[in-house]
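Undergrad: One structure follows; several queries about it will come next.
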Amino acid sequence: MSGMRRPKRNEMGGRLSSLALPILTKRLVLRLPTLADTDSFMSEAHDPRLLQWFSKGSPPETREEQVDTIKKIRKAARAGDSLSLGLFDRGSGASVGVISLSSLNWGDMCAEIGYIVSPNHWGKGYATEAVASLCAEAFGCLNLHRIEAQVWPSNLASGRVLEKVGFHKEGTRRQCDLKGKTWLDCDTYGLLRGENRLGPT
């Protein structure tokens with residue numbers, strides 16, 4: 001697999017350093033992206049089926065921008081500020097998507113999870129597998145108590161992923177996200193320690 005190796009402990013800082021990478025599931029490898037992944041990340045980034053779910057910004061337009069994005073991801077991990085991992089098929093090594101933990105609040109022991117699966121891999125259960133596994137590691141190795149996610153009500157597939165893992169829909173934040181000139185609602189989902197129905201996959 002291109003760029004596949006076990007990261008050194010100092011590649012992640014702060015409390016993130018207690019998380020052992022890569023994370024292996026039945027079908028996926030979750031790991032920090034390397035510059036060797038640049039082209040595979042670029043290949044499906046601008047699929048219209050994916051872009052419809054971006055509210056602000058867009059995927060990197062050029063190879064140079066993608067390289068810069070990967071460098072920023074790795075820098076944030078070293079600083080212990082946030083964690084973004086690439087999802088790679090264990091068999092083929094193909095890039096499947098990305099998953100992240102952000103808004104890390106160590107005082108309240110909580111974080112926000114986000115994920116994107118490339119459209120050519122939709123419907124295969126990759127998102128559910130990745131979310132369940134990262135949540136298990138976050139509750140175990142990082143000692144988090146709560147993980148939440150924000151989903152547009154129209155993104156039914158993403159809501160189903162969260163519910164399969166055990167997330168509870170806790171409410172709707174009205175008109176909290178501006179997409180172009182349209183204000184969109186966001187559904188808030190929460191998962192507490194012990195509620196992960198799937199655990200490591």
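Going by the structure tokens order, chains are called A, B, ..., each with residues numbered from 1, while ligands are numbered from 1 in the order shown.
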DSSP says alpha helix (DSSP H) for which residues of chain A? Put them as a count of residues only?

TA: 52

Undergrad: Residues near region 90-102 of chain A, anyone? I mean within 6 Å using only C-alpha atoms, not counting same-chain ones fewer than 3 positions away, as a ChimeraX atom specification.

TA: /A:1,27-29,82-87,111-118

Undergrad: Quick one: write out the picked residues with N, CA and C atoms as a short mmCIF file (atom, residue, chain, number, x, y, z; two decimals), in the first residue's frame?

TA:
data_model
loop_
_atom_site.label_atom_id
_atom_site.label_comp_id
_atom_site.auth_asym_id
_atom_site.auth_seq_id
_atom_site.Cartn_x
_atom_site.Cartn_y
_atom_site.Cartn_z
N MET A 1 0.85 -1.19 0.00
CA MET A 1 0.00 0.00 0.00
C MET A 1 0.89 1.24 0.00
N ARG A 27 -12.04 -4.33 6.86
CA ARG A 27 -11.77 -4.02 5.44
C ARG A 27 -10.94 -2.77 5.22
N LEU A 28 -10.68 -1.99 6.29
CA LEU A 28 -10.06 -0.68 6.12
C LEU A 28 -8.79 -0.50 6.95
N VAL A 29 -7.96 0.41 6.48
CA VAL A 29 -6.83 0.94 7.25
C VAL A 29 -7.10 2.42 7.45
N SER A 82 -6.13 18.30 16.24
CA SER A 82 -7.19 17.57 15.56
C SER A 82 -6.58 16.37 14.87
N LEU A 83 -7.44 15.45 14.45
CA LEU A 83 -6.96 14.22 13.82
C LEU A 83 -7.78 13.94 12.57
N SER A 84 -7.13 13.90 11.42
CA SER A 84 -7.78 13.53 10.16
C SER A 84 -7.05 12.33 9.59
N LEU A 85 -7.79 11.27 9.35
CA LEU A 85 -7.21 10.02 8.88
C LEU A 85 -7.77 9.65 7.52
N GLY A 86 -6.92 9.14 6.66
CA GLY A 86 -7.38 8.60 5.39
C GLY A 86 -7.95 7.21 5.60
N LEU A 87 -8.95 6.87 4.81
CA LEU A 87 -9.53 5.53 4.82
C LEU A 87 -9.05 4.81 3.57
N ALA A 111 -15.57 15.41 21.69
CA ALA A 111 -15.03 15.77 20.38
C ALA A 111 -16.14 15.64 19.34
N GLU A 112 -15.86 16.16 18.15
CA GLU A 112 -16.80 16.04 17.03
C GLU A 112 -16.19 15.16 15.96
N ILE A 113 -16.99 14.27 15.41
CA ILE A 113 -16.53 13.38 14.35
C ILE A 113 -17.12 13.82 13.01
N GLY A 114 -16.34 13.68 11.96
CA GLY A 114 -16.80 13.98 10.60
C GLY A 114 -16.21 12.95 9.66
N TYR A 115 -16.85 12.72 8.54
CA TYR A 115 -16.37 11.67 7.62
C TYR A 115 -16.89 11.94 6.22
N ILE A 116 -16.09 11.53 5.26
CA ILE A 116 -16.46 11.63 3.84
C ILE A 116 -16.03 10.33 3.18
N VAL A 117 -16.93 9.71 2.44
CA VAL A 117 -16.60 8.53 1.65
C VAL A 117 -16.76 8.87 0.18
N SER A 118 -15.78 8.49 -0.61
CA SER A 118 -15.82 8.77 -2.05
C SER A 118 -17.06 8.14 -2.67
#

Undergrad: May I ask for the distance between CA of Val161 (chain A) and CA of Thr25 (chain A), given in Å to one decimal place?

TA: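 Between CA of Val161 (chain A) and CA of Thr25 (chain A) the gap works out to 16.2 Å.
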
Undergrad: Which distance in Å separates CA of Glu129 (chain A) and CA of Thr34 (chain A), to one decimal?

TA: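 Interatomic distance here is 22.1 Å.
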
Undergrad: Can you list, as a VMD selection string, every protein, DNA or RNA residue that comes within 10 Å of Glu11 (chain A) when you count only C-alpha atoms, leaving out same-chain residues fewer than 4 positions away?

TA: chain A and resid 7 16 to 17 21 32 74 to 80

Undergrad: Output N, CA and C atoms for every residue in the selection just made, as a compact mmCIF listing (two decimals), in the first residue's frame.

TA:
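Dumped to out03.txt:
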# COMPACT_ATOMS: atom_id res chain seq x y z
N PRO A 7 3.17 4.82 11.98
CA PRO A 7 3.74 6.12 12.36
C PRO A 7 4.50 6.03 13.68
N LEU A 16 -3.40 12.98 21.82
CA LEU A 16 -3.57 12.14 20.64
C LEU A 16 -2.49 11.09 20.53
N SER A 17 -1.34 11.32 21.17
CA SER A 17 -0.23 10.39 21.07
C SER A 17 -0.54 9.04 21.70
N LEU A 21 -1.71 4.15 15.84
CA LEU A 21 -2.05 4.10 14.42
C LEU A 21 -1.08 3.17 13.69
N LEU A 32 -2.81 8.33 9.16
CA LEU A 32 -2.47 9.67 8.71
C LEU A 32 -2.08 9.63 7.24
N ARG A 74 -1.10 16.77 8.99
CA ARG A 74 -0.05 16.16 9.79
C ARG A 74 0.45 17.11 10.88
N LYS A 75 0.52 18.40 10.56
CA LYS A 75 0.93 19.39 11.55
C LYS A 75 -0.07 19.46 12.69
N ALA A 76 -1.37 19.43 12.37
CA ALA A 76 -2.40 19.48 13.40
C ALA A 76 -2.34 18.25 14.30
N ALA A 77 -2.03 17.10 13.71
CA ALA A 77 -1.91 15.88 14.51
C ALA A 77 -0.70 15.96 15.44
N ARG A 78 0.42 16.48 14.93
CA ARG A 78 1.61 16.61 15.77
C ARG A 78 1.37 17.57 16.94
N ALA A 79 0.56 18.60 16.67
CA ALA A 79 0.25 19.57 17.72
C ALA A 79 -0.81 19.05 18.69
N GLY A 80 -1.50 17.97 18.30
CA GLY A 80 -2.56 17.43 19.14
C GLY A 80 -3.85 18.21 19.05

Undergrad: Quote the spacing between CA of Arg15 (chain A) and CA of Trp106 (chain A) in Å to one decimal place.

TA: 8.6 Å

Undergrad: Taking only C-alpha atoms into account, which of A:Ala136, A:Leu192, A:Thr62, A:Asp187 comes nearest Leu156 (chain A)?

TA: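 Between A:Ala136, A:Leu192, A:Thr62, A:Asp187, the residue approaching Leu156 (chain A) most closely is A:Asp187.
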
Undergrad: So, with only C-alpha atoms as the atoms that count, which of A:Cys176, A:Ile73, A:Ala157, A:Leu19 lies closest to Asn143 (chain A)?

TA: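 Counting only C-alpha atoms, the residue closest to Asn143 (chain A) is A:Leu19.
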
Undergrad: Nearest to Ser154 (chain A): which of A:Asp108, A:Ser40, A:Leu184, A:Asn120 is it, counting only C-alpha atoms?

TA: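 Counting only C-alpha atoms, the residue closest to Ser154 (chain A) is A:Leu184.
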
Undergrad: Give me, as a list in words, all polymer residues having an atom no more than 6 Å from region 163-169 of chain A, counting only C-alpha atoms and skipping those fewer than 4 positions away in the same chain.

TA: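 The neighbour list is Ala132, Thr188, Tyr189, Gly190, Leu191, Glu195, Asn196, Arg197 and Leu198 of chain A.
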
Undergrad: Those residues you just picked out, can you put them in a file as a PDB file, in the first residue's frame with C-alpha atoms?

TA:
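Okay, out_8.pdb is ready:
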ATOM      1  CA  ALA A 132     -17.573   2.614  14.783  1.00  0.00           C
ATOM      2  CA  THR A 188     -27.020  17.074  16.180  1.00  0.00           C
ATOM      3  CA  TYR A 189     -26.195  13.450  16.998  1.00  0.00           C
ATOM      4  CA  GLY A 190     -24.461  12.323  20.188  1.00  0.00           C
ATOM      5  CA  LEU A 191     -22.753   9.120  21.296  1.00  0.00           C
ATOM      6  CA  GLU A 195     -23.337   3.320  23.550  1.00  0.00           C
ATOM      7  CA  ASN A 196     -21.257   2.158  20.557  1.00  0.00           C
ATOM      8  CA  ARG A 197     -23.320  -0.758  19.257  1.00  0.00           C
ATOM      9  CA  LEU A 198     -20.662  -2.037  16.877  1.00  0.00           C
TER      10      LEU A 198
END

Undergrad: Let's see if you can do this: from backbone DSSP, list all strand (DSSP E or B) residues in region 21-97 of chain A, as a list in words.

TA: Ile23, Leu24, Leu28, Val29, Leu30, Arg31, Leu83, Ser84, Leu85, Gly86, Leu87, Phe88, Asp89, Ser95, Val96 and Gly97 of chain A

Undergrad: Could you please take those selected residues and save C-alpha atoms as a PDB file, in the first residue's frame?

TA:
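Final output, again.pdb:
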ATOM      1  CA  ILE A  23      -6.290   1.544  13.037  1.00  0.00           C
ATOM      2  CA  LEU A  24      -7.212  -1.675  11.249  1.00  0.00           C
ATOM      3  CA  LEU A  28     -10.058  -0.681   6.117  1.00  0.00           C
ATOM      4  CA  VAL A  29      -6.833   0.935   7.250  1.00  0.00           C
ATOM      5  CA  LEU A  30      -7.266   4.279   9.039  1.00  0.00           C
ATOM      6  CA  ARG A  31      -3.994   6.233   9.062  1.00  0.00           C
ATOM      7  CA  LEU A  83      -6.960  14.225  13.819  1.00  0.00           C
ATOM      8  CA  SER A  84      -7.777  13.532  10.162  1.00  0.00           C
ATOM      9  CA  LEU A  85      -7.207  10.020   8.876  1.00  0.00           C
ATOM     10  CA  GLY A  86      -7.380   8.602   5.393  1.00  0.00           C
ATOM     11  CA  LEU A  87      -9.533   5.525   4.817  1.00  0.00           C
ATOM     12  CA  PHE A  88      -7.853   2.912   2.633  1.00  0.00           C
ATOM     13  CA  ASP A  89      -9.107  -0.449   1.426  1.00  0.00           C
ATOM     14  CA  SER A  95      -8.385   5.584  -1.088  1.00  0.00           C
ATOM     15  CA  VAL A  96     -11.951   5.276   0.191  1.00  0.00           C
ATOM     16  CA  GLY A  97     -12.402   8.563   2.064  1.00  0.00           C
TER      17      GLY A  97
END

Undergrad: Under the rule that only C-alpha atoms are counted, which of A:Leu50, A:Leu35, A:Met109, A:Leu178 is the nearest residue to Glu148 (chain A)?

TA: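 With only C-alpha atoms as the atom set, the closest residue is A:Met109.
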